[in-house]
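Participant: Provided below: work-v3.txt, containing compact mmCIF, C-alpha atoms.
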# COMPACT_ATOMS: atom_id res chain seq x y z
CA MET A 1 -4.47 28.96 -80.47
CA ALA A 2 -6.82 27.62 -77.79
CA THR A 3 -9.28 30.43 -78.52
CA TYR A 4 -9.22 29.54 -82.25
CA TRP A 5 -10.07 25.92 -81.55
CA LEU A 6 -12.73 26.99 -79.05
CA ILE A 7 -14.43 29.16 -81.68
CA ARG A 8 -14.30 26.35 -84.25
CA THR A 9 -15.74 23.88 -81.77
CA SER A 10 -18.53 26.25 -80.74
CA ARG A 11 -19.57 26.71 -84.37
CA ARG A 12 -19.73 22.97 -84.89
CA LEU A 13 -21.69 22.57 -81.65
CA LEU A 14 -24.23 25.22 -82.60
CA ASN A 15 -24.68 23.92 -86.17
CA PRO A 16 -28.34 22.81 -86.32
CA SER A 17 -27.62 20.15 -88.91
CA ILE A 18 -25.62 17.95 -86.57
CA THR A 19 -27.21 15.29 -84.43
CA SER A 20 -27.42 15.35 -80.65
CA SER A 21 -24.86 12.57 -80.43
CA SER A 22 -22.30 14.57 -82.36
CA SER A 23 -23.09 17.51 -80.10
CA VAL A 24 -22.04 15.44 -77.12
CA VAL A 25 -18.77 14.53 -78.88
CA SER A 26 -18.15 18.19 -79.66
CA LEU A 27 -18.94 19.05 -76.07
CA SER A 28 -16.35 16.60 -74.81
CA HIS A 29 -13.78 17.94 -77.28
CA ALA A 30 -14.52 21.52 -76.21
CA ALA A 31 -14.22 20.60 -72.53
CA ALA A 32 -10.84 19.02 -73.18
CA LEU A 33 -9.63 22.11 -75.02
CA LEU A 34 -10.87 24.34 -72.23
CA SER A 35 -9.14 22.24 -69.61
CA SER A 36 -5.89 22.37 -71.57
CA SER A 37 -6.18 26.10 -72.08
CA ARG A 38 -6.85 26.80 -68.43
CA THR A 39 -3.66 25.06 -67.37
CA THR A 40 -1.60 27.39 -69.55
CA ALA A 41 -3.53 30.61 -68.89
CA LYS A 42 -1.53 33.24 -67.04
CA SER A 43 -4.29 35.73 -66.35
CA PRO A 44 -6.90 35.03 -63.63
CA GLY A 45 -9.42 37.06 -65.63
CA LEU A 46 -8.82 34.96 -68.74
CA ASP A 47 -9.13 31.81 -66.64
CA ASN A 48 -12.52 32.96 -65.33
CA GLN A 49 -13.68 33.59 -68.90
CA PHE A 50 -12.75 30.02 -69.84
CA ILE A 51 -14.63 28.72 -66.78
CA ARG A 52 -17.76 30.63 -67.77
CA VAL A 53 -17.62 29.52 -71.40
CA SER A 54 -17.05 25.94 -70.21
CA HIS A 55 -20.14 26.23 -67.99
CA TRP A 56 -22.14 27.49 -70.99
CA PHE A 57 -20.99 24.54 -73.11
CA GLN A 58 -21.97 22.08 -70.38
CA CYS A 59 -25.41 23.57 -69.96
CA TYR A 60 -26.01 23.69 -73.73
CA GLY A 61 -24.96 20.11 -74.27
CA LEU A 62 -26.96 18.80 -71.37
CA THR A 63 -30.14 20.62 -72.28
CA ARG A 64 -29.84 19.47 -75.88
CA GLY A 65 -29.12 15.79 -75.34
CA LEU A 66 -28.47 14.61 -71.83
CA ALA A 67 -30.84 15.88 -69.16
CA ASP A 68 -34.01 17.72 -68.30
CA THR A 69 -34.61 21.06 -66.65
CA SER A 70 -34.34 20.81 -62.89
CA SER A 71 -37.33 21.55 -60.72
CA LYS A 72 -37.71 22.20 -57.04
CA GLY A 73 -34.07 22.59 -56.43
CA GLU A 74 -32.46 19.25 -57.08
CA ASN A 75 -29.73 17.80 -59.22
CA GLN A 76 -30.78 16.86 -62.71
CA ASN A 77 -31.80 13.32 -63.49
CA ASN A 78 -30.61 11.59 -66.62
CA GLY A 79 -33.82 10.15 -68.06
CA ASN A 80 -35.25 7.19 -66.17
CA ASP A 81 -32.13 5.65 -64.72
CA GLY A 82 -32.01 7.90 -61.68
CA ASN A 83 -28.37 8.83 -62.21
CA THR A 84 -27.53 12.30 -60.96
CA VAL A 85 -25.96 14.81 -63.34
CA ASN A 86 -24.35 17.77 -61.59
CA VAL A 87 -24.87 20.84 -63.73
CA PRO A 88 -23.22 24.05 -62.45
CA SER A 89 -25.73 26.82 -61.81
CA TRP A 90 -25.32 30.58 -61.53
CA ILE A 91 -24.63 30.01 -57.84
CA ASP A 92 -21.52 27.96 -58.66
CA LEU A 93 -20.43 30.49 -61.24
CA TYR A 94 -20.90 33.86 -59.58
CA LEU A 95 -21.30 33.57 -55.79
CA PRO A 96 -18.42 33.27 -53.31
CA ILE A 97 -17.72 29.69 -52.30
CA SER A 98 -18.45 30.44 -48.64
CA ILE A 99 -22.10 31.33 -49.30
CA GLN A 100 -22.85 28.87 -52.10
CA PRO A 101 -24.15 26.13 -49.74
CA TYR A 102 -26.59 28.57 -48.13
CA ALA A 103 -27.89 29.74 -51.51
CA LYS A 104 -28.39 26.11 -52.54
CA LEU A 105 -30.07 25.33 -49.23
CA ALA A 106 -32.61 28.06 -50.00
CA ARG A 107 -32.89 26.75 -53.61
CA LEU A 108 -32.17 30.22 -55.01
CA ASP A 109 -31.14 28.67 -58.32
CA LYS A 110 -34.45 26.79 -58.61
CA PRO A 111 -37.22 29.42 -58.71
CA ILE A 112 -40.15 27.11 -59.47
CA GLY A 113 -40.97 26.62 -55.79
CA THR A 114 -41.07 30.37 -55.24
CA TRP A 115 -43.44 30.79 -58.19
CA LEU A 116 -45.77 28.09 -56.87
CA LEU A 117 -45.81 29.75 -53.46
CA ALA A 118 -46.22 33.28 -54.83
CA TRP A 119 -49.03 32.76 -57.34
CA PRO A 120 -51.87 32.18 -54.81
CA CYS A 121 -50.77 35.38 -53.04
CA MET A 122 -50.85 37.31 -56.32
CA TRP A 123 -54.25 35.87 -57.20
CA SER A 124 -55.72 36.96 -53.89
CA ILE A 125 -54.19 40.46 -53.88
CA THR A 126 -55.40 41.10 -57.43
CA LEU A 127 -58.84 39.69 -56.70
CA ALA A 128 -59.11 42.09 -53.75
CA ALA A 129 -58.54 45.12 -56.00
CA SER A 130 -61.51 47.38 -56.69
CA PRO A 131 -63.21 46.90 -60.09
CA GLY A 132 -61.52 48.98 -62.76
CA ASN A 133 -58.31 49.38 -60.74
CA LEU A 134 -54.89 47.75 -60.78
CA PRO A 135 -53.76 45.67 -57.78
CA ASP A 136 -51.60 47.15 -55.03
CA PHE A 137 -48.06 46.91 -56.44
CA LYS A 138 -46.48 47.43 -53.03
CA MET A 139 -48.31 44.40 -51.72
CA LEU A 140 -47.41 42.36 -54.79
CA THR A 141 -43.75 43.21 -54.21
CA LEU A 142 -43.88 42.47 -50.48
CA PHE A 143 -45.57 39.12 -51.04
CA GLY A 144 -43.12 38.26 -53.82
CA CYS A 145 -40.19 38.84 -51.46
CA GLY A 146 -42.03 36.99 -48.72
CA ALA A 147 -42.57 33.98 -50.98
CA LEU A 148 -38.86 33.87 -51.75
CA LEU A 149 -37.93 33.99 -48.06
CA LEU A 150 -40.61 31.58 -46.84
CA ARG A 151 -39.82 29.08 -49.57
CA GLY A 152 -36.14 29.23 -48.60
CA ALA A 153 -37.04 28.78 -44.93
CA GLY A 154 -39.28 25.85 -45.78
CA CYS A 155 -36.50 24.18 -47.77
CA THR A 156 -34.11 24.70 -44.87
CA ILE A 157 -36.54 23.13 -42.39
CA ASN A 158 -37.16 20.25 -44.77
CA ASP A 159 -33.45 19.57 -45.26
CA LEU A 160 -32.73 19.71 -41.53
CA LEU A 161 -35.50 17.25 -40.65
CA ASP A 162 -34.91 14.97 -43.65
CA ARG A 163 -31.10 14.89 -43.65
CA ASP A 164 -30.98 11.19 -42.79
CA ILE A 165 -33.53 10.33 -45.49
CA ASP A 166 -31.95 12.58 -48.10
CA THR A 167 -28.68 10.63 -48.02
CA LYS A 168 -30.57 7.54 -49.22
CA VAL A 169 -32.39 9.20 -52.13
CA GLU A 170 -30.55 9.72 -55.41
CA ARG A 171 -32.17 13.07 -56.17
CA THR A 172 -31.49 14.59 -52.74
CA LYS A 173 -28.23 13.07 -51.51
CA LEU A 174 -26.18 16.10 -52.58
CA ARG A 175 -28.26 18.67 -50.69
CA PRO A 176 -26.00 20.87 -48.52
CA VAL A 177 -26.96 19.43 -45.13
CA ALA A 178 -27.24 15.81 -46.27
CA SER A 179 -23.87 15.94 -48.01
CA GLY A 180 -22.11 17.59 -45.08
CA LEU A 181 -21.41 20.93 -46.76
CA LEU A 182 -23.34 22.55 -43.90
CA THR A 183 -23.77 21.37 -40.33
CA PRO A 184 -27.24 21.27 -38.77
CA PHE A 185 -26.23 24.19 -36.53
CA GLN A 186 -25.31 26.28 -39.57
CA GLY A 187 -28.64 25.37 -41.14
CA ILE A 188 -30.52 26.47 -38.02
CA CYS A 189 -28.67 29.79 -37.96
CA PHE A 190 -29.52 30.36 -41.61
CA LEU A 191 -33.15 29.50 -40.89
CA GLY A 192 -33.22 32.12 -38.14
CA PHE A 193 -31.83 34.71 -40.54
CA GLN A 194 -34.50 33.98 -43.15
CA LEU A 195 -37.30 34.08 -40.60
CA PHE A 196 -35.98 37.38 -39.25
CA LEU A 197 -36.17 38.92 -42.72
CA GLY A 198 -39.64 37.44 -43.17
CA LEU A 199 -40.73 39.03 -39.91
CA GLY A 200 -39.72 42.41 -41.32
CA ILE A 201 -42.16 41.88 -44.19
CA LEU A 202 -44.94 40.56 -41.95
CA LEU A 203 -44.75 43.61 -39.67
CA GLN A 204 -45.65 45.86 -42.60
CA LEU A 205 -49.11 44.25 -42.81
CA ASN A 206 -52.20 45.00 -40.72
CA ASN A 207 -52.67 43.31 -37.34
CA TYR A 208 -55.16 40.75 -38.64
CA SER A 209 -52.71 39.69 -41.35
CA ARG A 210 -49.81 39.52 -38.91
CA ILE A 211 -51.63 36.94 -36.83
CA LEU A 212 -52.85 35.07 -39.88
CA GLY A 213 -49.35 35.03 -41.41
CA ALA A 214 -47.64 33.92 -38.20
CA SER A 215 -50.11 31.04 -37.85
CA SER A 216 -48.85 29.57 -41.12
CA LEU A 217 -45.52 28.74 -39.47
CA LEU A 218 -47.16 25.75 -37.76
CA LEU A 219 -47.84 24.28 -41.20
CA VAL A 220 -44.37 25.21 -42.49
CA PHE A 221 -42.54 23.51 -39.62
CA SER A 222 -44.71 20.39 -39.51
CA TYR A 223 -45.01 19.65 -43.24
CA PRO A 224 -41.67 17.78 -43.61
CA LEU A 225 -42.84 15.26 -40.99
CA MET A 226 -46.06 14.35 -42.79
CA LYS A 227 -44.45 11.93 -45.24
CA ARG A 228 -43.55 9.73 -42.28
CA PHE A 229 -47.14 9.37 -41.08
CA THR A 230 -49.55 9.71 -44.00
CA PHE A 231 -49.85 8.97 -47.69
CA TRP A 232 -51.25 12.49 -48.12
CA PRO A 233 -48.28 14.84 -47.53
CA GLN A 234 -49.15 16.55 -50.82
CA ALA A 235 -52.49 17.63 -49.35
CA TYR A 236 -50.69 19.06 -46.33
CA LEU A 237 -48.32 20.88 -48.66
CA GLY A 238 -51.37 22.31 -50.39
CA LEU A 239 -52.63 23.73 -47.10
CA THR A 240 -49.19 25.26 -46.53
CA PHE A 241 -48.32 26.56 -49.98
CA ASN A 242 -51.67 28.24 -50.58
CA TRP A 243 -51.93 30.11 -47.28
CA GLY A 244 -51.16 33.24 -49.27
CA ALA A 245 -54.61 33.00 -50.89
CA LEU A 246 -56.00 33.92 -47.45
CA LEU A 247 -53.23 36.28 -46.43
CA GLY A 248 -53.20 38.34 -49.62
CA TRP A 249 -56.89 39.16 -49.31
CA SER A 250 -56.63 40.09 -45.63
CA ALA A 251 -53.61 42.32 -46.32
CA ILE A 252 -55.82 44.44 -48.62
CA LYS A 253 -59.21 44.17 -46.93
CA GLY A 254 -58.24 43.75 -43.26
CA GLY A 255 -60.25 40.53 -42.96
CA LEU A 256 -61.54 37.52 -44.90
CA ASP A 257 -64.55 37.08 -47.15
CA PRO A 258 -65.24 33.33 -46.89
CA ALA A 259 -67.37 33.20 -50.05
CA ILE A 260 -64.41 34.39 -52.11
CA VAL A 261 -61.20 33.33 -50.36
CA PHE A 262 -62.20 29.84 -49.19
CA PRO A 263 -62.96 28.58 -52.73
CA LEU A 264 -59.74 30.27 -53.86
CA TYR A 265 -57.80 28.52 -51.11
CA PHE A 266 -59.41 25.16 -51.88
CA SER A 267 -58.59 25.56 -55.57
CA GLY A 268 -54.94 26.03 -54.65
CA VAL A 269 -54.94 22.91 -52.49
CA CYS A 270 -56.37 20.88 -55.39
CA TRP A 271 -53.81 22.41 -57.75
CA THR A 272 -50.99 21.41 -55.41
CA LEU A 273 -52.31 17.86 -55.26
CA VAL A 274 -52.04 17.75 -59.05
CA TYR A 275 -48.53 19.11 -59.52
CA ASP A 276 -46.93 17.62 -56.41
CA THR A 277 -48.33 14.16 -57.08
CA ILE A 278 -46.76 14.34 -60.54
CA TYR A 279 -43.54 15.52 -58.90
CA ALA A 280 -43.64 12.70 -56.33
CA HIS A 281 -43.61 10.09 -59.08
CA GLN A 282 -39.94 10.96 -59.61
CA ASP A 283 -39.06 9.53 -56.20
CA LYS A 284 -41.49 6.65 -55.82
CA GLU A 285 -38.82 3.92 -56.03
CA ASP A 286 -36.60 5.66 -53.47
CA ASP A 287 -39.61 6.41 -51.25
CA LEU A 288 -40.44 2.72 -51.13
CA LYS A 289 -36.85 1.89 -50.13
CA VAL A 290 -36.63 4.42 -47.30
CA GLY A 291 -40.21 3.92 -46.10
CA VAL A 292 -41.73 7.37 -46.67
CA LYS A 293 -45.21 7.96 -48.07
CA SER A 294 -46.73 10.03 -50.87
CA THR A 295 -49.86 10.32 -52.97
CA ALA A 296 -47.84 8.87 -55.86
CA LEU A 297 -47.58 5.62 -53.90
CA ARG A 298 -51.15 5.89 -52.62
CA PHE A 299 -52.69 6.37 -56.06
CA GLY A 300 -50.37 4.06 -58.00
CA ASP A 301 -51.79 3.14 -61.40
CA SER A 302 -54.89 5.23 -60.70
CA THR A 303 -52.91 8.47 -60.42
CA LYS A 304 -54.33 10.08 -63.55
CA GLU A 305 -57.91 9.45 -62.43
CA TRP A 306 -57.18 11.00 -59.02
CA ILE A 307 -55.39 14.08 -60.30
CA SER A 308 -58.07 14.56 -62.95
CA ALA A 309 -60.61 14.83 -60.13
CA PHE A 310 -58.39 17.31 -58.30
CA GLY A 311 -57.98 19.30 -61.51
CA ILE A 312 -61.75 19.53 -61.87
CA GLY A 313 -61.99 20.63 -58.24
CA CYS A 314 -59.34 23.30 -58.85
CA ILE A 315 -61.03 24.82 -61.90
CA SER A 316 -64.52 24.62 -60.39
CA SER A 317 -63.39 26.36 -57.21
CA LEU A 318 -61.64 29.08 -59.19
CA ALA A 319 -64.84 29.65 -61.14
CA LEU A 320 -66.87 29.85 -57.93
CA SER A 321 -64.45 32.29 -56.33
CA GLY A 322 -64.52 34.54 -59.39
CA PHE A 323 -68.32 34.40 -59.56
CA ASN A 324 -68.65 35.38 -55.89
CA ALA A 325 -66.16 38.20 -56.43
CA GLU A 326 -68.25 39.47 -59.39
CA ILE A 327 -65.20 39.51 -61.63
CA GLY A 328 -65.38 40.48 -65.31
CA TRP A 329 -65.75 38.13 -68.27
CA PRO A 330 -62.04 38.08 -69.27
CA TYR A 331 -61.37 36.00 -66.18
CA TYR A 332 -63.42 33.10 -67.54
CA ALA A 333 -61.65 33.17 -70.89
CA PHE A 334 -58.30 32.85 -69.14
CA LEU A 335 -59.76 30.18 -66.86
CA ALA A 336 -60.67 28.14 -69.93
CA ALA A 337 -57.08 28.46 -71.16
CA ALA A 338 -55.76 27.40 -67.77
CA SER A 339 -58.08 24.40 -67.85
CA GLY A 340 -56.51 23.35 -71.13
CA GLN A 341 -53.00 23.73 -69.71
CA LEU A 342 -53.88 21.61 -66.68
CA ALA A 343 -55.59 18.98 -68.82
CA TRP A 344 -52.51 18.84 -71.06
CA GLN A 345 -50.34 18.10 -68.03
CA ILE A 346 -52.57 15.33 -66.77
CA TRP A 347 -53.27 13.62 -70.08
CA THR A 348 -49.76 13.71 -71.51
CA VAL A 349 -47.51 13.15 -68.48
CA ASN A 350 -45.53 9.91 -68.53
CA LEU A 351 -45.53 8.94 -64.88
CA SER A 352 -42.78 6.40 -65.47
CA CYS A 353 -40.41 9.02 -66.88
CA ARG A 354 -38.69 11.25 -64.36
CA ALA A 355 -37.76 13.82 -66.99
CA ASP A 356 -41.35 14.18 -68.20
CA CYS A 357 -42.75 14.37 -64.65
CA ASN A 358 -40.27 17.14 -64.00
CA ARG A 359 -41.23 19.04 -67.15
CA LYS A 360 -44.92 18.89 -66.35
CA PHE A 361 -44.28 19.98 -62.77
CA VAL A 362 -42.25 23.02 -63.86
CA SER A 363 -44.95 24.00 -66.38
CA ASN A 364 -47.25 24.88 -63.49
CA LYS A 365 -45.66 28.31 -63.27
CA TRP A 366 -47.54 29.04 -66.50
CA PHE A 367 -50.82 27.79 -65.05
CA GLY A 368 -50.38 30.24 -62.19
CA ALA A 369 -49.51 33.03 -64.61
CA ILE A 370 -52.62 32.37 -66.72
CA ILE A 371 -54.91 32.55 -63.68
CA PHE A 372 -53.20 35.74 -62.50
CA SER A 373 -53.67 37.31 -65.93
CA GLY A 374 -57.33 36.34 -65.93
CA ILE A 375 -57.93 37.93 -62.52
CA LEU A 376 -56.02 41.06 -63.54
CA PHE A 377 -57.98 41.60 -66.77
CA GLY A 378 -61.21 40.58 -65.07
CA ARG A 379 -60.69 43.38 -62.55
CA ILE A 380 -59.57 45.99 -65.08
CA PHE A 381 -62.49 45.21 -67.41
CA PRO A 382 -65.38 44.31 -65.06
Please express what this file holds, its structure, as structure tokens.

Facilitator:
Amino acid sequence: MATYWLIRTSRRLLNPSITSSSSVVSLSHAAALLSSSRTTAKSPGLDNQFIRVSHWFQCYGLTRGLADTSSKGENQNNGNDGNTVNVPSWIDLYLPISIQPYAKLARLDKPIGTWLLAWPCMWSITLAASPGNLPDFKMLTLFGCGALLLRGAGCTINDLLDRDIDTKVERTKLRPVASGLLTPFQGICFLGFQLFLGLGILLQLNNYSRILGASSLLLVFSYPLMKRFTFWPQAYLGLTFNWGALLGWSAIKGGLDPAIVFPLYFSGVCWTLVYDTIYAHQDKEDDLKVGVKSTALRFGDSTKEWISAFGIGCISSLALSGFNAEIGWPYYAFLAAASGQLAWQIWTVNLSCRADCNRKFVSNKWFGAIIFSGILFGRIFP
């Protein structure tokens, strides 16, 4: 009987003719039915099926009418009011309870940070390929895994150093360390595990790249402290997140070509200043309360003018890097498309709306993908 009502409710919920408000009502009705059914279910397997369907209903209803897509690894915000909506992720659904806090600490359910860290690496590796040839897929895979591990390590360091601040910020108060799910000692042990795995990847590179890669740890460990001392932590994040633009090239070539990799690196720093300033506008009220700094607070009402300048710097530096690398014409066509995507972000973002800031921030994975595609086709068709 419960299954019959569940099917009926799901059809009503998925009917495109109903309004979002009626969807929320249907969602509540479905949740009640699921809760009732679970109390009478005899089979653990059947109970798990109800839990999974319930999770699907919650996610559908929230994405249709209640909340926005989460970004760097935080709880979802309900519009502008700053209220936190806890939406179960695949971590809650499929991983053992004992390791869920560690997966959340590494933000494994929020891949946008990994994409933003990986794209400059992919750009550089592909740019280092010989004209007419595909990039080194082994290196692309290694750097992809390295981005996942280093991003997780960076999040762990950030949460350990910011645990007292995180408890005072609506978006971050439920992070594993801040909420008490993990102790600082457990976080440190997990950090050591991630760095150990990262070392295994680093040791597969040439000696020059090993030294260059290890030197980035100074930036990784010190970045979380910058918001306490300067209004420019986003610039420091840019230096950190785009280190792969240098490392990817050296992993292929065994050294650096300043005329190519320095403009590429600078373009990434400017790009980070764009997307992370937009991201920082989500927390500006809380940042003022707890006394931390950001470019969102530094720029204030002039934010769009500032990030427009950084956007111009990003695109110009990408053009210079491609010109010095003697890349083919398809690169510039994709660069024009990427310019449009970045301009769309800057011109249309509502800096007073947390949900819109979050959407624009997440869209930067597509900017990175467009640039990567341009470099790839520019190398294949010189």

Participant: Out of A:Phe323, A:Trp115, A:Phe241, A:Phe310, which residue has the shortest atom-to-atom distance to Cys270 (chain A) when counting all atoms listed in the file?

Facilitator: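 So, comparing all the options, the nearest one is A:Phe310.
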
Participant: Could you tell me how far CA of Ile371 (chain A) lies from CA of Cys145 (chain A), in Å and to one decimal?

Facilitator: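 Computing it gives 20.1 Å between the two atoms.
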
Participant: So that I can check the surroundings of Ile125 (chain A), please list as a PyMOL selection string every protein, DNA and RNA residue that reaches within 10 Å of it, counting all atoms listed in the file and ignoring chain neighbours fewer than 4 positions away.

Facilitator: chain A and resi 119-121+129+135-137+139-140+143+244-253+372+375-376

Participant: Using CA of Ala333 (chain A) and CA of Phe377 (chain A) as the two end points, give the distance in Å to one decimal.

Facilitator: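 CA of Ala333 (chain A) sits 10.1 Å away from CA of Phe377 (chain A).
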
Participant: I need the residue nearest Leu149 (chain A) from this list: A:Val269, A:Leu197, A:Ile112, A:Ala337. Use all atoms listed in the file for the distance.

Facilitator: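 Once distances to Leu149 (chain A) are computed over all atoms listed in the file, the minimum belongs to A:Leu197.
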
Participant: Suppose you want the space between CA of Leu148 (chain A) and CA of Tyr275 (chain A); what is it in Å?

Facilitator: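 Separation of CA of Leu148 (chain A) and CA of Tyr275 (chain A): 19.3 Å.
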
Participant: Which residues of region 260-342 of chain A have any atom within 12 Å of an atom in region 153-171 of chain A when counting only C-alpha atoms, and what is the closest pair of atoms for each, with the distance in Å to one decimal? Order the rows by chain and rising number and write it as JSON lines.

Facilitator:
{"residue": "A:Tyr279", "atom": "CA", "partner": "A:Arg171", "partner_atom": "CA", "distance": 11.9}
{"residue": "A:Ala280", "atom": "CA", "partner": "A:Arg171", "partner_atom": "CA", "distance": 11.5}
{"residue": "A:Gln282", "atom": "CA", "partner": "A:Arg171", "partner_atom": "CA", "distance": 8.8}
{"residue": "A:Asp283", "atom": "CA", "partner": "A:Arg171", "partner_atom": "CA", "distance": 7.7}
{"residue": "A:Lys284", "atom": "CA", "partner": "A:Val169", "partner_atom": "CA", "distance": 10.1}
{"residue": "A:Glu285", "atom": "CA", "partner": "A:Val169", "partner_atom": "CA", "distance": 9.2}
{"residue": "A:Asp286", "atom": "CA", "partner": "A:Val169", "partner_atom": "CA", "distance": 5.7}
{"residue": "A:Asp287", "atom": "CA", "partner": "A:Val169", "partner_atom": "CA", "distance": 7.8}
{"residue": "A:Leu288", "atom": "CA", "partner": "A:Val169", "partner_atom": "CA", "distance": 10.4}
{"residue": "A:Lys289", "atom": "CA", "partner": "A:Lys168", "partner_atom": "CA", "distance": 8.5}
{"residue": "A:Val290", "atom": "CA", "partner": "A:Ile165", "partner_atom": "CA", "distance": 6.9}
{"residue": "A:Gly291", "atom": "CA", "partner": "A:Ile165", "partner_atom": "CA", "distance": 9.3}
{"residue": "A:Val292", "atom": "CA", "partner": "A:Ile165", "partner_atom": "CA", "distance": 8.8}

Participant: Residues within 12 Å of Leu150 (chain A), please, as a PyMOL selection string. Count all atoms listed in the file; anything in the same chain fewer than 2 positions from it doesn't count.

Facilitator: chain A and resi 106-108+113-118+142-148+152-157+191-199+201-202+213-214+216-217+219-221+240-241+243-244

Participant: Have a look at A:Ser363, A:Gln100, A:Gln234, A:Ser215 and name the one nearest to Trp344 (chain A); count all atoms listed in the file.

Facilitator: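 Smallest separation from Trp344 (chain A) among the options: A:Ser363.
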
Participant: Considering all atoms listed in the file, give me a table of residues in region 287-364 of chain A that are at most 9 Å from region 222-231 of chain A, with the closest atom pair and distance in Å for each, as a Markdown table.

Facilitator:
| residue | atom | partner | partner_atom | distance |
| --- | --- | --- | --- | --- |
| A:Gly291 | CA | A:Arg228 | CA | 7.7 |
| A:Val292 | CA | A:Arg228 | CA | 5.3 |
| A:Lys293 | CA | A:Phe231 | CA | 4.8 |
| A:Ser294 | CA | A:Phe231 | CA | 4.6 |
| A:Thr295 | CA | A:Phe231 | CA | 5.4 |
| A:Ala296 | CA | A:Phe231 | CA | 8.4 |
| A:Leu297 | CA | A:Phe231 | CA | 7.4 |
| A:Arg298 | CA | A:Phe231 | CA | 6.0 |

Participant: Measuring atom to atom with only C-alpha atoms, identify which of A:Ala325, A:Gly200, A:Lys104, A:Ser316 is nearest to Ile91 (chain A).

Facilitator: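 Closest candidate: A:Lys104.
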
Participant: Nearest residue to Ala369 (chain A) out of A:Met122, A:Asn133, A:Leu105, A:Pro258, using all atoms listed in the file?

Facilitator: A:Met122

Participant: Which residue, A:Leu182, A:Ala259, A:Ala103, A:Ile278, has the smallest gap to Glu326 (chain A) when you use only C-alpha atoms?

Facilitator: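 Closest candidate: A:Ala259.
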
Participant: Please identify all polymer residues within 7 Å of Ser317 (chain A), counting all atoms listed in the file, omitting same-chain residues fewer than 5 positions from it, and present them as a list in words.

Facilitator: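 Skipping anything fewer than 5 positions along the chain leaves Pro263, Leu264, Phe266 and Ser267 of chain A.
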